[in-house]
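S.K.: Supplied in structure tokens, the structure appears directly below.
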Amino acid sequence: MADPVIEAADIPRLDRPFLLDVRDRDSFAADHAESAIRVPVEAWIEAARTEQSSFDNLDHWQAEISALGLTDALTAVIFDDGRMTEAARVWFVLQFFGARAVIVNGGWPALKGESVALSIPVHDAGEAFRARVHAGPVGLVTRDRLKAELGSTAILDARTEAEFSGTDSRNNARAGHLPGARLLPHADLLEDGRVNSAGTLRRMLSAAGFQPGDHIVTHCDGGGRAALAAIAAMRAGFNDVHAYYLSFSDWARDESCPVL
């Protein structure tokens, strides 16, 4: 399985790289790569939470992705301000609908020093993008499916220790964690704003109780950290990885879903 994380210096070696900037509007306006397209991530976050434009709405997401100029012939190269979670969020959406995508390790801070990567030209777009659900290496898990799979799924909780213990509710109706969930905070997956190496991540997941062959489902509170955790699990060599994208904020609203 291909590594979803790329170093900035390696971008020119990709087949038809297409730069996608996930930073806020002001940061993008102040300084950006000439060929980069800004992803309206704030609109994507809201759309994923809305029934009418959820991930079940193939037409909505095909239109959103096509509006970026991304096609099946291009490789999306995604970067944020260095937090990595927003780039991971966009990566999850794109790969779920079948786009080729990677995230830049270290985000914009790492990329802006690479003049060759910044000068990536606009490539021949090729045929229009065709969205397909569940087309990428990381799948999507719904609340109902995860509830039915409790006890047989290795759940990776990428939130903070305070969220996991319930001392930080993040304004959710309930606080705590899912039965059987194992805590691996997303901040531990990073070092100096960069995703750790495959070997380091493998050791971290093993120490947290995850073993080769596990069916892993990642979650956080609202999607971004869950997506980063899924990327980390992939990078560590796990090949049965899913994300509960709507995460704990969705789980906590349903009183039938157990919380510890």
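So you can find residues: chains in the structure tokens are A, B, ... in the order shown, residues in each start at 1, and ligands are numbered from 1 in order.
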Write out as a PyMOL selection string all residues of region 22-149 of chain A that DSSP puts in alpha helix (DSSP H) for this structure's backbone.
M.R.: chain A and resi 25-30+41-49+58-67+85-96+107-111+115-118+143-149
S.K.: Leaving out region 38-43 of chain A and any residue of its chain fewer than 6 positions from it, which residues lie within 6 Å of it when counting only C-alpha atoms, given as a list of chain:residue names?
M.R.: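 Once the nearby chain positions are removed, what remains is A:Leu20, A:Asp21, A:Val22.
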S.K.: For the selection you just gave me, I'd like the residues written to a file as a PDB file, in the first residue's frame, keeping all heavy atoms.
M.R.:
ATOM      1  N   LEU A  20      -2.818  21.348  -3.703  1.00  0.00           N
ATOM      2  CA  LEU A  20      -4.054  21.777  -3.048  1.00  0.00           C
ATOM      3  C   LEU A  20      -3.717  22.357  -1.683  1.00  0.00           C
ATOM      4  O   LEU A  20      -3.201  21.653  -0.806  1.00  0.00           O
ATOM      5  CB  LEU A  20      -5.022  20.598  -2.895  1.00  0.00           C
ATOM      6  CG  LEU A  20      -5.604  20.043  -4.187  1.00  0.00           C
ATOM      7  CD1 LEU A  20      -6.529  18.855  -3.890  1.00  0.00           C
ATOM      8  CD2 LEU A  20      -6.376  21.118  -4.957  1.00  0.00           C
ATOM      9  N   ASP A  21      -4.020  23.627  -1.504  1.00  0.00           N
ATOM     10  CA  ASP A  21      -3.697  24.373  -0.296  1.00  0.00           C
ATOM     11  C   ASP A  21      -4.922  24.404   0.619  1.00  0.00           C
ATOM     12  O   ASP A  21      -5.990  24.884   0.225  1.00  0.00           O
ATOM     13  CB  ASP A  21      -3.294  25.800  -0.701  1.00  0.00           C
ATOM     14  CG  ASP A  21      -2.612  26.574   0.403  1.00  0.00           C
ATOM     15  OD1 ASP A  21      -3.002  26.405   1.573  1.00  0.00           O
ATOM     16  OD2 ASP A  21      -1.719  27.388   0.093  1.00  0.00           O
ATOM     17  N   VAL A  22      -4.778  23.918   1.843  1.00  0.00           N
ATOM     18  CA  VAL A  22      -5.909  23.803   2.764  1.00  0.00           C
ATOM     19  C   VAL A  22      -5.846  24.870   3.860  1.00  0.00           C
ATOM     20  O   VAL A  22      -6.577  24.796   4.841  1.00  0.00           O
ATOM     21  CB  VAL A  22      -5.977  22.379   3.370  1.00  0.00           C
ATOM     22  CG1 VAL A  22      -7.290  22.135   4.102  1.00  0.00           C
ATOM     23  CG2 VAL A  22      -5.816  21.317   2.289  1.00  0.00           C
TER      24      VAL A  22
END
S.K.: May I have the residues within 10 Å of Ile65 (chain A) as a VMD selection string, using only C-alpha atoms and disregarding those fewer than 5 positions away in the same chain?
M.R.: chain A and resid 39 60 70 to 71 93 to 94 97 99 129 to 131
S.K.: As an exercise, work out the distance from CA of Ser27 (chain A) to CA of Ala227 (chain A) in Å and give it to one decimal place.
M.R.: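 Separation of CA of Ser27 (chain A) and CA of Ala227 (chain A): 22.8 Å.
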S.K.: Please identify every residue of region 58-130 of chain A that has at least one atom no farther than 12 Å from an atom of region 204-221 of chain A, counting only C-alpha atoms, and for each give the shortest atom pair and the distance in Å to one decimal, arranged by chain then increasing number, as a tab-separated table.
M.R.:
residue	atom	partner	partner_atom	distance
A:Thr85	CA	A:Cys220	CA	10.9
A:Arg89	CA	A:Cys220	CA	11.6
A:Phe92	CA	A:Thr218	CA	11.9
S.K.: Put those residues in a file: N, CA, C and O atoms, as a tab-separated table (two decimals), in the first residue's frame.
M.R.:
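Written output follows (again-v3.tsv):
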chain	number	residue	atom	x	y	z
A	85	THR	N	-3.73	18.06	10.40
A	85	THR	CA	-5.08	17.50	10.53
A	85	THR	C	-6.01	17.95	9.41
A	85	THR	O	-6.84	17.16	8.95
A	89	ARG	N	-7.76	15.66	6.62
A	89	ARG	CA	-9.21	15.67	6.41
A	89	ARG	C	-9.53	15.68	4.92
A	89	ARG	O	-10.35	14.89	4.42
A	92	PHE	N	-8.62	12.43	3.25
A	92	PHE	CA	-9.59	11.36	3.47
A	92	PHE	C	-10.75	11.48	2.49
A	92	PHE	O	-11.17	10.49	1.88
S.K.: Neighbours of region 147-158 of chain A within 10 Å (only C-alpha atoms; same-chain residues fewer than 6 positions away dropped), as a PyMOL selection string?
M.R.: chain A and resi 141+164+177-189+205+208-211+214-221+223-230+233+241-244+247-248+251+256-258
S.K.: Within 12 Å of Thr75 (chain A), counting only C-alpha atoms, which residues qualify if same-chain residues fewer than 5 places away don't, as an mmCIF file with C-alpha atoms, in the first residue's frame?
M.R.:
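part-v4.cif was written with the following content:
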data_model
loop_
_atom_site.group_PDB
_atom_site.id
_atom_site.type_symbol
_atom_site.label_atom_id
_atom_site.label_comp_id
_atom_site.auth_asym_id
_atom_site.auth_seq_id
_atom_site.Cartn_x
_atom_site.Cartn_y
_atom_site.Cartn_z
ATOM 1 C CA PRO A 4 0.038 8.620 1.921
ATOM 2 C CA ILE A 6 5.283 12.659 0.945
ATOM 3 C CA ILE A 11 6.855 16.169 -5.014
ATOM 4 C CA PRO A 12 8.413 16.792 -8.472
ATOM 5 C CA ARG A 13 8.886 13.009 -8.842
ATOM 6 C CA LEU A 14 5.141 12.377 -8.698
ATOM 7 C CA ASP A 15 3.060 11.738 -11.784
ATOM 8 C CA ARG A 16 1.262 15.018 -12.579
ATOM 9 C CA PRO A 17 1.216 16.585 -9.104
ATOM 10 C CA PHE A 18 -1.611 19.033 -8.412
ATOM 11 C CA LEU A 19 -1.105 21.319 -5.405
ATOM 12 C CA LEU A 20 -4.054 21.777 -3.048
ATOM 13 C CA GLY A 69 -9.804 21.225 -11.237
ATOM 14 C CA LEU A 70 -8.719 17.801 -9.998
ATOM 15 C CA TRP A 91 -6.991 13.655 1.911
ATOM 16 C CA LEU A 94 -10.481 12.777 -1.841
ATOM 17 C CA GLN A 95 -9.245 9.210 -1.471
ATOM 18 C CA GLY A 98 -11.263 7.683 -5.671
ATOM 19 C CA ALA A 99 -8.766 10.490 -6.192
ATOM 20 C CA ARG A 100 -5.036 9.865 -6.046
ATOM 21 C CA ALA A 101 -3.804 11.911 -3.097
ATOM 22 C CA VAL A 102 -0.912 12.429 -0.685
ATOM 23 C CA ILE A 103 -0.232 14.919 2.101
ATOM 24 C CA VAL A 122 -0.378 23.198 -14.263
ATOM 25 C CA HIS A 123 -0.521 19.791 -15.943
ATOM 26 C CA ASP A 124 -2.817 18.639 -18.686
ATOM 27 C CA ALA A 125 -5.965 17.832 -16.756
ATOM 28 C CA GLY A 126 -7.154 14.856 -18.773
ATOM 29 C CA PHE A 129 -13.043 13.468 -12.322
#
S.K.: Using only C-alpha atoms, which of the listed residues (A:Asp56, A:Glu163, A:Glu64, A:Glu7) sits closest to Val77 (chain A)?
M.R.: A:Glu7
S.K.: Could you pull out the strand (DSSP E) residues of region 11-258 of chain A from DSSP and send them as a ChimeraX atom specification?
M.R.: /A:17-21,37-38,75-79,100-104,138-140,154-157,182-183,190-191,194-195,216-219,241-243
S.K.: In Å, rounded to a single decimal, give me how far CA of Asp168 (chain A) is from CA of Asp254 (chain A).
M.R.: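 Between CA of Asp254 (chain A) and CA of Asp168 (chain A) the gap works out to 18.4 Å.
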S.K.: Quick one: pull the distance between CA of Arg25 (chain A) and CA of Phe96 (chain A), Å, one decimal.
M.R.: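 Distance reported for this atom pair: 25.0 Å.
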S.K.: Near Glu46 (chain A), counting only C-alpha atoms, which residues have an atom at most 12 Å away, once you skip same-chain residues fewer than 5 positions from it, shown as JSON, numbers by chain?
M.R.: {"A": [40, 41, 51, 52, 53, 54, 55, 222, 223, 246]}
S.K.: Name the closest residue to Ala87 (chain A) among the candidates A:Leu58, A:Val5, A:Val116, A:Ala30; distances are taken between atoms, counting only C-alpha atoms.
M.R.: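 Closest to Ala87 (chain A) of all the choices is A:Val5.
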